[in-house]
$ cat structure-v9.pdb   # PDB, C-alpha atoms
ATOM      1  CA  MET J 264     -41.655  16.168 -66.031
ATOM      2  CA  SER J 265     -44.942  16.941 -67.744
ATOM      3  CA  ALA J 266     -48.612  16.786 -66.855
ATOM      4  CA  GLN J 267     -48.682  13.421 -68.603
ATOM      5  CA  ASP J 268     -46.514  11.875 -65.897
ATOM      6  CA  VAL J 269     -49.704  10.596 -64.283
ATOM      7  CA  SER J 270     -53.217   9.520 -65.146
ATOM      8  CA  LEU J 271     -56.135   8.436 -62.992
ATOM      9  CA  LEU J 272     -57.091   4.748 -63.198
ATOM     10  CA  PHE J 273     -60.191   5.215 -61.096
ATOM     11  CA  VAL J 274     -61.679   7.904 -58.865
ATOM     12  CA  SER J 275     -64.057   7.325 -55.963
ATOM     13  CA  LEU J 276     -67.677   8.076 -56.726
ATOM     14  CA  ASN J 277     -68.022  10.555 -53.874
ATOM     15  CA  SER J 278     -65.856  12.814 -51.709
ATOM     16  CA  PRO J 279     -63.851  12.216 -49.587
ATOM     17  CA  GLY J 280     -63.517   8.641 -50.908
ATOM     18  CA  PHE J 281     -64.310   4.982 -50.238
ATOM     19  CA  SER J 282     -64.285   3.988 -46.571
ATOM     20  CA  ARG J 283     -62.748   0.641 -45.663
ATOM     21  CA  GLU J 284     -66.116  -1.131 -45.464
ATOM     22  CA  ASN J 285     -66.776  -0.171 -49.099
ATOM     23  CA  VAL J 286     -63.514  -1.619 -50.427
ATOM     24  CA  LYS J 287     -63.066  -5.291 -51.291
ATOM     25  CA  VAL J 288     -60.005  -7.281 -52.357
ATOM     26  CA  SER J 289     -59.926 -10.142 -54.860
ATOM     27  CA  LEU J 290     -56.591 -11.975 -54.678
ATOM     28  CA  SER J 291     -55.774 -14.431 -57.469
ATOM     29  CA  ARG J 292     -52.876 -15.863 -59.487
ATOM     30  CA  VAL J 293     -54.661 -14.731 -62.644
ATOM     31  CA  HIS J 294     -53.868 -11.180 -61.513
ATOM     32  CA  ASN J 295     -50.107 -11.818 -61.570
ATOM     33  CA  ARG J 296     -48.006 -10.479 -64.431
ATOM     34  CA  GLU J 297     -47.632 -12.644 -67.519
ATOM     35  CA  ILE J 298     -44.317 -14.511 -67.750
ATOM     36  CA  LEU J 299     -41.783 -13.394 -70.353
ATOM     37  CA  SER J 300     -39.393 -15.561 -72.365
ATOM     38  CA  GLU J 301     -36.722 -17.446 -70.426
ATOM     39  CA  HIS J 302     -34.039 -15.070 -71.672
ATOM     40  CA  ARG J 303     -36.062 -11.992 -70.705
ATOM     41  CA  GLU J 304     -36.852 -13.397 -67.240
ATOM     42  CA  LEU J 305     -33.092 -13.803 -66.681
ATOM     43  CA  GLU J 306     -32.692 -10.177 -67.727
ATOM     44  CA  ILE J 307     -34.844  -9.178 -64.749
ATOM     45  CA  ASP J 308     -32.218 -10.625 -62.432
ATOM     46  CA  ARG J 309     -29.373  -8.940 -64.319
ATOM     47  CA  ILE J 310     -31.094  -5.560 -64.040
ATOM     48  CA  TRP J 311     -31.677  -6.152 -60.323
ATOM     49  CA  GLN J 312     -28.025  -6.982 -59.668
ATOM     50  CA  GLU J 313     -26.910  -3.863 -61.517
ATOM     51  CA  ARG J 314     -29.307  -1.638 -59.577
ATOM     52  CA  LEU J 315     -28.246  -3.256 -56.307
ATOM     53  CA  ARG J 316     -24.600  -2.570 -57.097
ATOM     54  CA  LYS J 317     -25.388   1.124 -57.537
ATOM     55  CA  ASN J 318     -27.678   1.340 -54.486
ATOM     56  CA  PRO J 319     -26.983  -1.299 -51.787
ATOM     57  CA  HIS J 320     -29.955  -0.006 -49.772
ATOM     58  CA  LEU J 321     -32.447  -1.593 -52.205
ATOM     59  CA  TYR J 322     -34.431  -4.565 -50.887
ATOM     60  CA  ASP J 323     -36.217  -7.233 -52.933
ATOM     61  CA  GLY J 324     -39.414  -7.590 -50.927
ATOM     62  CA  SER J 325     -42.653  -9.190 -52.065
ATOM     63  CA  LYS J 326     -45.434  -6.781 -53.098
ATOM     64  CA  PHE J 327     -49.099  -6.904 -54.048
ATOM     65  CA  ARG J 328     -49.623  -6.457 -57.787
ATOM     66  CA  TYR J 329     -52.427  -4.177 -58.948
ATOM     67  CA  HIS J 330     -54.414  -5.651 -61.829
ATOM     68  CA  THR J 331     -57.657  -3.684 -62.046
ATOM     69  CA  ALA J 332     -60.362  -2.037 -59.965
ATOM     70  CA  VAL J 333     -64.075  -2.645 -60.490
ATOM     71  CA  VAL J 334     -66.440   0.024 -59.186
ATOM     72  CA  GLY J 335     -70.145  -0.578 -58.673
ATOM     73  CA  GLY J 336     -72.947  -0.544 -56.135
ATOM     74  CA  GLY J 337     -71.245   2.082 -54.004
ATOM     75  CA  SER J 338     -68.078   0.000 -53.506
ATOM     76  CA  VAL J 339     -64.829  -0.886 -55.267
ATOM     77  CA  GLU J 340     -63.117  -4.247 -55.737
ATOM     78  CA  LEU J 341     -59.336  -4.193 -56.014
ATOM     79  CA  ARG J 342     -58.098  -7.152 -58.052
ATOM     80  CA  LEU J 343     -54.593  -8.038 -56.911
ATOM     81  CA  GLY J 344     -51.844 -10.563 -57.539
ATOM     82  CA  LEU J 345     -48.277 -10.823 -56.221
ATOM     83  CA  THR J 346     -44.944  -9.490 -57.451
ATOM     84  CA  SER J 347     -41.641  -8.223 -56.023
ATOM     85  CA  TYR J 348     -39.447  -5.141 -56.076
ATOM     86  CA  ARG J 349     -36.910  -7.025 -58.214
ATOM     87  CA  GLU J 350     -39.591  -7.722 -60.823
ATOM     88  CA  PHE J 351     -40.633  -4.072 -60.673
ATOM     89  CA  LEU J 352     -37.164  -2.796 -61.517
ATOM     90  CA  GLY J 353     -36.784  -5.466 -64.213
ATOM     91  CA  THR J 354     -40.046  -4.623 -65.996
ATOM     92  CA  ASN J 355     -41.494  -1.186 -65.165
ATOM     93  CA  TRP J 356     -38.018   0.401 -65.081
ATOM     94  CA  ALA J 357     -36.336  -1.741 -67.754
ATOM     95  CA  PRO J 358     -34.678  -0.166 -70.826
ATOM     96  CA  ASP J 359     -37.040  -2.106 -73.105
ATOM     97  CA  THR J 360     -40.230  -1.244 -71.216
ATOM     98  CA  ARG J 361     -41.813   0.442 -74.230
ATOM     99  CA  LEU J 362     -41.290  -2.696 -76.322
ATOM    100  CA  LEU J 363     -42.630  -4.949 -73.549
ATOM    101  CA  ARG J 364     -45.790  -2.880 -73.270
ATOM    102  CA  ALA J 365     -46.311  -2.934 -77.045
ATOM    103  CA  ARG J 366     -45.933  -6.721 -77.092
ATOM    104  CA  ALA J 367     -48.325  -7.055 -74.175
ATOM    105  CA  GLN J 368     -50.916  -4.943 -75.940
ATOM    106  CA  GLU J 369     -50.573  -7.067 -79.065
ATOM    107  CA  LYS J 370     -50.743 -10.426 -77.243
ATOM    108  CA  TYR J 371     -53.103  -9.701 -74.342
ATOM    109  CA  GLY J 372     -54.823  -6.428 -75.225
ATOM    110  CA  ASN J 373     -53.310  -4.905 -72.085
ATOM    111  CA  THR J 374     -50.106  -2.833 -72.009
ATOM    112  CA  GLN J 375     -49.539  -3.768 -68.353
ATOM    113  CA  ALA J 376     -49.651  -7.553 -68.770
ATOM    114  CA  PHE J 377     -45.866  -7.997 -68.455
ATOM    115  CA  MET J 378     -45.403  -5.208 -65.919
ATOM    116  CA  SER J 379     -44.807  -5.887 -62.239
ATOM    117  CA  ASP J 380     -47.079  -2.968 -61.224
ATOM    118  CA  PRO J 381     -46.642  -3.222 -57.424
ATOM    119  CA  LEU J 382     -49.414  -1.404 -55.593
ATOM    120  CA  GLY J 383     -48.137   1.650 -53.777
ATOM    121  CA  VAL J 384     -49.975   3.790 -51.240
ATOM    122  CA  GLY J 385     -49.833   7.561 -50.768
ATOM    123  CA  ASN J 386     -51.556  10.049 -48.510
ATOM    124  CA  PHE J 387     -53.199  13.428 -48.752
ATOM    125  CA  ILE J 388     -52.538  14.347 -45.108
ATOM    126  CA  GLU J 389     -54.647  17.280 -43.956
ATOM    127  CA  THR J 390     -53.562  18.921 -40.693
ATOM    128  CA  CYS J 391     -56.065  20.399 -38.255
ATOM    129  CA  ASP J 392     -55.132  23.897 -39.499
ATOM    130  CA  SER J 393     -55.813  22.912 -43.137
ATOM    131  CA  HIS J 394     -52.370  22.260 -44.568
ATOM    132  CA  VAL J 395     -51.223  19.365 -46.770
ATOM    133  CA  VAL J 396     -47.924  17.624 -45.988
ATOM    134  CA  PHE J 397     -45.109  17.043 -48.506
ATOM    135  CA  ILE J 398     -41.670  15.561 -47.910
ATOM    136  CA  LYS J 399     -38.590  15.785 -50.136
ATOM    137  CA  ARG J 400     -37.311  12.342 -51.138
ATOM    138  CA  SER J 401     -33.693  11.716 -50.173
ATOM    139  CA  ASN J 402     -30.872  10.234 -52.230
ATOM    140  CA  ARG J 403     -31.247   6.906 -50.396
ATOM    141  CA  VAL J 404     -34.551   5.987 -52.041
ATOM    142  CA  GLY J 405     -34.834   4.084 -55.311
ATOM    143  CA  GLU J 406     -37.053   6.522 -57.220
ATOM    144  CA  ALA J 407     -37.858  10.234 -57.555
ATOM    145  CA  GLN J 408     -34.809  11.358 -55.585
ATOM    146  CA  GLY J 409     -34.901  15.031 -54.613
ATOM    147  CA  LEU J 410     -38.571  15.505 -55.512
ATOM    148  CA  TRP J 411     -41.439  16.540 -53.253
ATOM    149  CA  ASP J 412     -43.784  13.661 -52.481
ATOM    150  CA  VAL J 413     -46.621  12.701 -50.191
ATOM    151  CA  PRO J 414     -45.800  10.213 -47.412
ATOM    152  CA  GLY J 415     -46.421   6.669 -48.591
ATOM    153  CA  GLY J 416     -44.965   3.314 -49.495
ATOM    154  CA  HIS J 417     -46.361  -0.181 -50.041
ATOM    155  CA  PRO J 418     -48.639  -2.645 -48.286
ATOM    156  CA  GLU J 419     -46.488  -5.654 -47.438
ATOM    157  CA  PRO J 420     -47.511  -9.306 -48.032
ATOM    158  CA  GLU J 421     -45.254 -10.340 -45.142
ATOM    159  CA  GLU J 422     -47.635  -8.533 -42.755
ATOM    160  CA  VAL J 423     -50.455 -10.923 -43.710
ATOM    161  CA  SER J 424     -50.833 -14.405 -42.218
ATOM    162  CA  GLY J 425     -49.112 -16.842 -44.592
ATOM    163  CA  GLY J 426     -47.180 -14.049 -46.257
ATOM    164  CA  SER J 427     -43.426 -13.641 -46.527
ATOM    165  CA  PRO J 428     -40.896 -11.009 -47.598
ATOM    166  CA  LYS J 429     -39.794 -13.520 -50.257
ATOM    167  CA  LEU J 430     -42.173 -13.863 -53.200
ATOM    168  CA  GLU J 431     -41.203 -17.488 -53.895
ATOM    169  CA  GLU J 432     -42.231 -18.525 -50.356
ATOM    170  CA  ILE J 433     -45.839 -17.308 -50.598
ATOM    171  CA  ASP J 434     -48.752 -19.664 -51.276
ATOM    172  CA  MET J 435     -51.419 -17.240 -52.444
ATOM    173  CA  SER J 436     -54.199 -19.738 -51.686
ATOM    174  CA  VAL J 437     -53.649 -19.312 -47.933
ATOM    175  CA  LEU J 438     -53.787 -15.523 -47.940
ATOM    176  CA  SER J 439     -56.962 -13.914 -46.622
ATOM    177  CA  SER J 440     -58.512 -11.148 -48.736
ATOM    178  CA  ALA J 441     -59.818  -9.538 -45.548
ATOM    179  CA  GLU J 442     -56.309  -9.454 -44.100
ATOM    180  CA  VAL J 443     -54.901  -8.023 -47.323
ATOM    181  CA  LEU J 444     -57.502  -5.248 -47.184
ATOM    182  CA  ARG J 445     -56.578  -4.562 -43.554
ATOM    183  CA  GLU J 446     -52.901  -4.395 -44.506
ATOM    184  CA  ILE J 447     -53.584  -1.901 -47.311
ATOM    185  CA  PHE J 448     -55.377   0.502 -44.971
ATOM    186  CA  GLU J 449     -53.042  -0.010 -42.009
ATOM    187  CA  SER J 450     -49.866   0.229 -44.072
ATOM    188  CA  THR J 451     -50.772   3.694 -45.270
ATOM    189  CA  LEU J 452     -51.018   4.882 -41.643
ATOM    190  CA  ARG J 453     -47.744   3.171 -40.710
ATOM    191  CA  GLU J 454     -45.992   4.942 -43.566
ATOM    192  CA  ILE J 455     -47.184   8.316 -42.270
ATOM    193  CA  ARG J 456     -46.017   7.486 -38.741
ATOM    194  CA  ASP J 457     -42.636   6.197 -39.870
ATOM    195  CA  GLU J 458     -41.876   8.945 -42.409
ATOM    196  CA  ILE J 459     -43.018  12.104 -40.603
ATOM    197  CA  ASN J 460     -43.001  10.784 -37.006
ATOM    198  CA  VAL J 461     -46.574  11.622 -36.017
ATOM    199  CA  PRO J 462     -48.403   9.194 -33.671
ATOM    200  CA  LEU J 463     -51.047   6.882 -35.094
ATOM    201  CA  SER J 464     -53.470   8.278 -32.501
ATOM    202  CA  SER J 465     -53.359  11.634 -34.342
ATOM    203  CA  LEU J 466     -54.516  10.114 -37.645
ATOM    204  CA  SER J 467     -58.047   9.453 -38.873
ATOM    205  CA  GLU J 468     -59.192   6.278 -40.611
ATOM    206  CA  PRO J 469     -58.017   6.554 -44.246
ATOM    207  CA  VAL J 470     -60.496   6.876 -47.098
ATOM    208  CA  LEU J 471     -59.525   5.712 -50.580
ATOM    209  CA  MET J 472     -59.701   8.526 -53.140
ATOM    210  CA  GLY J 473     -58.705   6.298 -56.065
ATOM    211  CA  VAL J 474     -55.704   4.871 -57.909
ATOM    212  CA  ALA J 475     -53.285   6.832 -60.104
ATOM    213  CA  ALA J 476     -50.755   5.536 -62.650
ATOM    214  CA  ASN J 477     -47.174   6.828 -62.748
ATOM    215  CA  HIS J 478     -46.111   6.912 -66.395
ATOM    216  CA  THR J 479     -42.461   7.634 -65.631
ATOM    217  CA  SER J 480     -42.379   4.021 -64.378
ATOM    218  CA  ALA J 481     -44.550   2.463 -67.098
ATOM    219  CA  GLY J 482     -47.926   2.958 -65.427
ATOM    220  CA  ARG J 483     -46.973   1.893 -61.897
ATOM    221  CA  PRO J 484     -50.160   2.211 -59.741
ATOM    222  CA  SER J 485     -50.606   3.919 -56.391
ATOM    223  CA  ALA J 486     -53.712   3.932 -54.189
ATOM    224  CA  GLU J 487     -54.124   7.417 -52.748
ATOM    225  CA  PHE J 488     -55.849   8.064 -49.418
ATOM    226  CA  HIS J 489     -57.204  11.106 -47.594
ATOM    227  CA  VAL J 490     -56.133  11.118 -43.945
ATOM    228  CA  ARG J 491     -56.862  13.844 -41.408
ATOM    229  CA  CYS J 492     -54.309  14.666 -38.715
ATOM    230  CA  SER J 493     -55.349  16.188 -35.384
ATOM    231  CA  LEU J 494     -52.019  18.052 -35.150
ATOM    232  CA  ASP J 495     -51.295  21.465 -36.632
ATOM    233  CA  LYS J 496     -48.535  22.341 -39.065
ATOM    234  CA  ALA J 497     -46.102  23.518 -36.394
ATOM    235  CA  GLU J 498     -46.450  20.321 -34.366
ATOM    236  CA  VAL J 499     -45.964  18.148 -37.454
ATOM    237  CA  VAL J 500     -42.779  20.081 -38.276
ATOM    238  CA  ARG J 501     -41.473  19.605 -34.741
ATOM    239  CA  LEU J 502     -42.105  15.856 -34.753
ATOM    240  CA  TYR J 503     -40.676  15.438 -38.241
ATOM    241  CA  HIS J 504     -37.375  17.013 -37.238
ATOM    242  CA  GLU J 505     -37.150  14.720 -34.221
ATOM    243  CA  GLY J 506     -36.905  11.895 -36.772
ATOM    244  CA  GLY J 507     -39.043   8.799 -37.343
ATOM    245  CA  SER J 508     -37.968   5.234 -38.090
ATOM    246  CA  GLU J 509     -37.746   6.026 -41.838
ATOM    247  CA  ALA J 510     -36.270   9.499 -41.480
ATOM    248  CA  GLU J 511     -33.489   8.641 -43.945
ATOM    249  CA  GLU J 512     -36.030   8.411 -46.783
ATOM    250  CA  SER J 513     -36.623  12.183 -46.842
ATOM    251  CA  SER J 514     -34.551  15.324 -46.320
ATOM    252  CA  ASN J 515     -37.105  18.092 -45.765
ATOM    253  CA  ILE J 516     -40.777  18.854 -45.165
ATOM    254  CA  THR J 517     -43.094  21.526 -46.552
ATOM    255  CA  PHE J 518     -46.799  22.348 -46.662
ATOM    256  CA  ILE J 519     -49.394  24.042 -48.832
ATOM    257  CA  GLN J 520     -52.804  25.206 -47.731
ATOM    258  CA  VAL J 521     -55.708  22.957 -48.662
ATOM    259  CA  LYS J 522     -57.472  25.894 -50.315
ATOM    260  CA  ASP J 523     -54.566  26.195 -52.758
ATOM    261  CA  VAL J 524     -54.629  22.562 -53.931
ATOM    262  CA  SER J 525     -57.169  23.338 -56.652
ATOM    263  CA  ARG J 526     -54.507  25.507 -58.340
ATOM    264  CA  ILE J 527     -51.469  23.409 -57.508
ATOM    265  CA  GLU J 528     -50.703  22.568 -61.129
ATOM    266  CA  GLU J 529     -50.016  26.259 -61.684
ATOM    267  CA  SER J 530     -47.580  26.462 -58.761
ATOM    268  CA  GLU J 531     -43.792  26.190 -58.710
ATOM    269  CA  ILE J 532     -43.837  23.105 -56.481
ATOM    270  CA  TRP J 533     -45.705  21.148 -59.185
ATOM    271  CA  THR J 534     -42.585  21.108 -61.366
ATOM    272  CA  GLU J 535     -40.587  19.688 -58.437
ATOM    273  CA  MET J 536     -43.160  17.077 -57.435
ATOM    274  CA  ALA J 537     -42.887  13.281 -57.739
ATOM    275  CA  PRO J 538     -45.480  11.670 -60.033
ATOM    276  CA  SER J 539     -47.053   9.826 -57.081
ATOM    277  CA  ALA J 540     -47.732  13.155 -55.367
ATOM    278  CA  LYS J 541     -49.145  14.583 -58.589
ATOM    279  CA  GLY J 542     -51.538  11.650 -58.821
ATOM    280  CA  CYS J 543     -52.622  12.221 -55.224
ATOM    281  CA  MET J 544     -53.341  15.916 -55.876
ATOM    282  CA  LYS J 545     -55.194  15.132 -59.103
ATOM    283  CA  LEU J 546     -57.397  12.610 -57.297
ATOM    284  CA  TYR J 547     -58.198  15.081 -54.519
ATOM    285  CA  ASN J 548     -59.126  17.752 -57.072
ATOM    286  CA  ALA J 549     -61.232  15.339 -59.127
ATOM    287  CA  LEU J 550     -63.205  14.384 -56.016
ATOM    288  CA  ASN J 551     -63.625  17.935 -54.766
ATOM    289  CA  SER J 552     -64.527  19.553 -58.070
ATOM    290  CA  GLY J 553     -67.616  17.399 -58.447
ATOM    291  CA  THR J 554     -66.083  15.301 -61.233
ATOM    292  CA  GLY J 555     -65.345  12.157 -59.229
ATOM    293  CA  THR J 556     -66.290   9.142 -61.301
ATOM    294  CA  ALA J 557     -65.260   5.568 -61.914
ATOM    295  CA  MET J 558     -62.745   5.424 -64.768
ATOM    296  CA  GLN J 559     -62.151   1.681 -64.881
TER     297      GLN J 559
END

$ encode --input "structure-v9.pdb" --output "structure tokens"
Amino acid sequence: MSAQDVSLLFVSLNSPGFSRENVKVSLSRVHNREILSEHRELEIDRIWQERLRKNPHLYDGSKFRYHTAVVGGGSVELRLGLTSYREFLGTNWAPDTRLLRARAQEKYGNTQAFMSDPLGVGNFIETCDSHVVFIKRSNRVGEAQGLWDVPGGHPEPEEVSGGSPKLEEIDMSVLSSAEVLREIFESTLREIRDEINVPLSSLSEPVLMGVAANHTSAGRPSAEFHVRCSLDKAEVVRLYHEGGSEAEESSNITFIQVKDVSRIEESEIWTEMAPSAKGCMKLYNALNSGTGTAMQ
């Protein structure tokens, strides 16, 4: 993978990032993906069935779709729609993704118009002795198997009042933007707890560093947070090996010192790192090199 695996969609204006009170959510059907032809929509289901046959652990849950972010007045507004993991595999990971993006650019002036683009979350977890946490993705996950990543996942619509794990059962008009915002921030902490088995009480309130795009999956977006952990490296290792509720999603844990993050692109681990983790590191460096700025 190359340095072009990721790009930054927007970066917080100031370090360490946007606190929850400075983040807003706008939820609307106009932020959903554009519908393809009937034949191509059926292709989404065919792709899903094929992927499911190869990996029975996959689950077609509803997801929030990232549309854009608008930065101004010291805050950021995340404009979101709805999608599903099935749609993600059938658009962002489809064999004809390049053609779909070209058609979207021609018709809508936006390469992402047909893409599912589910919003992911990732975490720059800083231990009390100044180390950053990475986990190696196992063979049971759907993407980036065997690569080093930061703990993360997705905010889940089913965790919001009126939401559901099934996309077709959700009436977006009854969803609360405030609850969606809460779910985004709380989901990122749950993912840390479940993946590396540290208690929520050891984690600080997340701050949003920005959103990065993963170009190995057609620009799939991930919101990256900075979270401080009151535990040291040794304690995190001990808890990790005891196993959390999502222990099967990773096979190992490693750390680098925070002071070395500024040079991480020159390190050996960079070549073995998932694009989502690369985006997280790039956002941290952008914020802490004095170049943090809105990019969208």

$ residues_near_point --input "structure-v9.pdb" --point "(-54.4, -7.1, -42.6)" --cutoff "12 Å" --atoms "all atoms listed in the file" --output "CSV table (one decimal) with C-alpha atoms, in the coordinates of the input"
chain,number,residue,atom,x,y,z
J,283,ARG,CA,-62.7,0.6,-45.7
J,288,VAL,CA,-60.0,-7.3,-52.4
J,418,PRO,CA,-48.6,-2.6,-48.3
J,419,GLU,CA,-46.5,-5.7,-47.4
J,420,PRO,CA,-47.5,-9.3,-48.0
J,421,GLU,CA,-45.3,-10.3,-45.1
J,422,GLU,CA,-47.6,-8.5,-42.8
J,423,VAL,CA,-50.5,-10.9,-43.7
J,424,SER,CA,-50.8,-14.4,-42.2
J,425,GLY,CA,-49.1,-16.8,-44.6
J,426,GLY,CA,-47.2,-14.0,-46.3
J,438,LEU,CA,-53.8,-15.5,-47.9
J,439,SER,CA,-57.0,-13.9,-46.6
J,440,SER,CA,-58.5,-11.1,-48.7
J,441,ALA,CA,-59.8,-9.5,-45.5
J,442,GLU,CA,-56.3,-9.5,-44.1
J,443,VAL,CA,-54.9,-8.0,-47.3
J,444,LEU,CA,-57.5,-5.2,-47.2
J,445,ARG,CA,-56.6,-4.6,-43.6
J,446,GLU,CA,-52.9,-4.4,-44.5
J,447,ILE,CA,-53.6,-1.9,-47.3
J,448,PHE,CA,-55.4,0.5,-45.0
J,449,GLU,CA,-53.0,0.0,-42.0
J,450,SER,CA,-49.9,0.2,-44.1
J,451,THR,CA,-50.8,3.7,-45.3

$ closest_residue --input "structure-v9.pdb" --among "J:Gly416, J:Pro279, J:Gly324, J:Pro462" --to "Pro428 of chain J" --atoms "only C-alpha atoms"
J:Gly324

$ closest_residue --input "structure-v9.pdb" --among "J:Gly542, J:Gly337, J:Gly409, J:Gly344" --to "Val293 of chain J" --atoms "all atoms listed in the file"
J:Gly344

$ residues_near_point --input "structure-v9.pdb" --point "(-60.0, 6.9, -58.1)" --cutoff "6 Å" --atoms "all atoms listed in the file" --output "list in words"
Phe273, Val274, Ser275, Met472, Gly473 and Val474 of chain J

$ closest_residue --input "structure-v9.pdb" --among "J:Ala481, J:Leu352, J:Ala475, J:Cys492" --to "Ala332 of chain J" --atoms "all atoms listed in the file"
J:Ala475

$ resolve_selection --input "structure-v9.pdb" --expression "the PyMOL selection byres ((chain J and resi 294) around 7)" --output "CSV table (one decimal) with C-alpha atoms, in the coordinates of the input"
chain,number,residue,atom,x,y,z
J,291,SER,CA,-55.8,-14.4,-57.5
J,292,ARG,CA,-52.9,-15.9,-59.5
J,293,VAL,CA,-54.7,-14.7,-62.6
J,295,ASN,CA,-50.1,-11.8,-61.6
J,296,ARG,CA,-48.0,-10.5,-64.4
J,330,HIS,CA,-54.4,-5.7,-61.8
J,342,ARG,CA,-58.1,-7.2,-58.1
J,343,LEU,CA,-54.6,-8.0,-56.9
J,344,GLY,CA,-51.8,-10.6,-57.5

$ residues_around --input "structure-v9.pdb" --residues "Ile388 of chain J" --least-positions-apart "6" --cutoff "6 Å" --atoms "all atoms listed in the file" --output "ChimeraX atom specification"
/J:395-396,490-491

$ decode --input "structure-v9.pdb" --residues "segment 421-461 of chain J" --atoms "C-alpha atoms" --output "mmCIF file, in the first residue's frame"
data_model
loop_
_atom_site.group_PDB
_atom_site.id
_atom_site.type_symbol
_atom_site.label_atom_id
_atom_site.label_comp_id
_atom_site.auth_asym_id
_atom_site.auth_seq_id
_atom_site.Cartn_x
_atom_site.Cartn_y
_atom_site.Cartn_z
ATOM 1 C CA GLU J 421 -29.790 0.516 16.257
ATOM 2 C CA GLU J 422 -28.393 2.171 19.411
ATOM 3 C CA VAL J 423 -30.500 5.285 18.746
ATOM 4 C CA SER J 424 -34.186 5.544 19.662
ATOM 5 C CA GLY J 425 -36.187 4.570 16.567
ATOM 6 C CA GLY J 426 -33.185 2.885 15.002
ATOM 7 C CA SER J 427 -32.825 -0.729 13.934
ATOM 8 C CA PRO J 428 -30.103 -3.119 12.769
ATOM 9 C CA LYS J 429 -32.110 -3.422 9.535
ATOM 10 C CA LEU J 430 -31.851 -0.421 7.217
ATOM 11 C CA GLU J 431 -35.309 -0.967 5.700
ATOM 12 C CA GLU J 432 -36.952 -0.701 9.148
ATOM 13 C CA ILE J 433 -35.625 2.780 9.973
ATOM 14 C CA ASP J 434 -37.746 5.919 9.601
ATOM 15 C CA MET J 435 -35.086 8.616 9.527
ATOM 16 C CA SER J 436 -37.613 11.310 10.474
ATOM 17 C CA VAL J 437 -37.894 9.898 14.009
ATOM 18 C CA LEU J 438 -34.166 9.784 14.688
ATOM 19 C CA SER J 439 -32.750 12.465 16.971
ATOM 20 C CA SER J 440 -29.607 14.268 15.790
ATOM 21 C CA ALA J 441 -28.577 14.709 19.423
ATOM 22 C CA GLU J 442 -28.843 10.965 20.000
ATOM 23 C CA VAL J 443 -26.882 10.232 16.833
ATOM 24 C CA LEU J 444 -24.117 12.545 18.055
ATOM 25 C CA ARG J 445 -24.129 10.780 21.429
ATOM 26 C CA GLU J 446 -23.879 7.411 19.684
ATOM 27 C CA ILE J 447 -20.898 8.545 17.592
ATOM 28 C CA PHE J 448 -18.922 9.600 20.665
ATOM 29 C CA GLU J 449 -20.023 6.694 22.862
ATOM 30 C CA SER J 450 -19.487 4.059 20.185
ATOM 31 C CA THR J 451 -15.841 4.982 19.850
ATOM 32 C CA LEU J 452 -15.331 4.321 23.582
ATOM 33 C CA ARG J 453 -17.263 1.042 23.411
ATOM 34 C CA GLU J 454 -15.041 -0.132 20.574
ATOM 35 C CA ILE J 455 -11.934 0.511 22.675
ATOM 36 C CA ARG J 456 -13.424 -1.368 25.634
ATOM 37 C CA ASP J 457 -14.565 -4.312 23.539
ATOM 38 C CA GLU J 458 -11.418 -4.657 21.405
ATOM 39 C CA ILE J 459 -8.616 -4.165 23.946
ATOM 40 C CA ASN J 460 -10.573 -4.909 27.155
ATOM 41 C CA VAL J 461 -9.845 -1.716 29.084
#
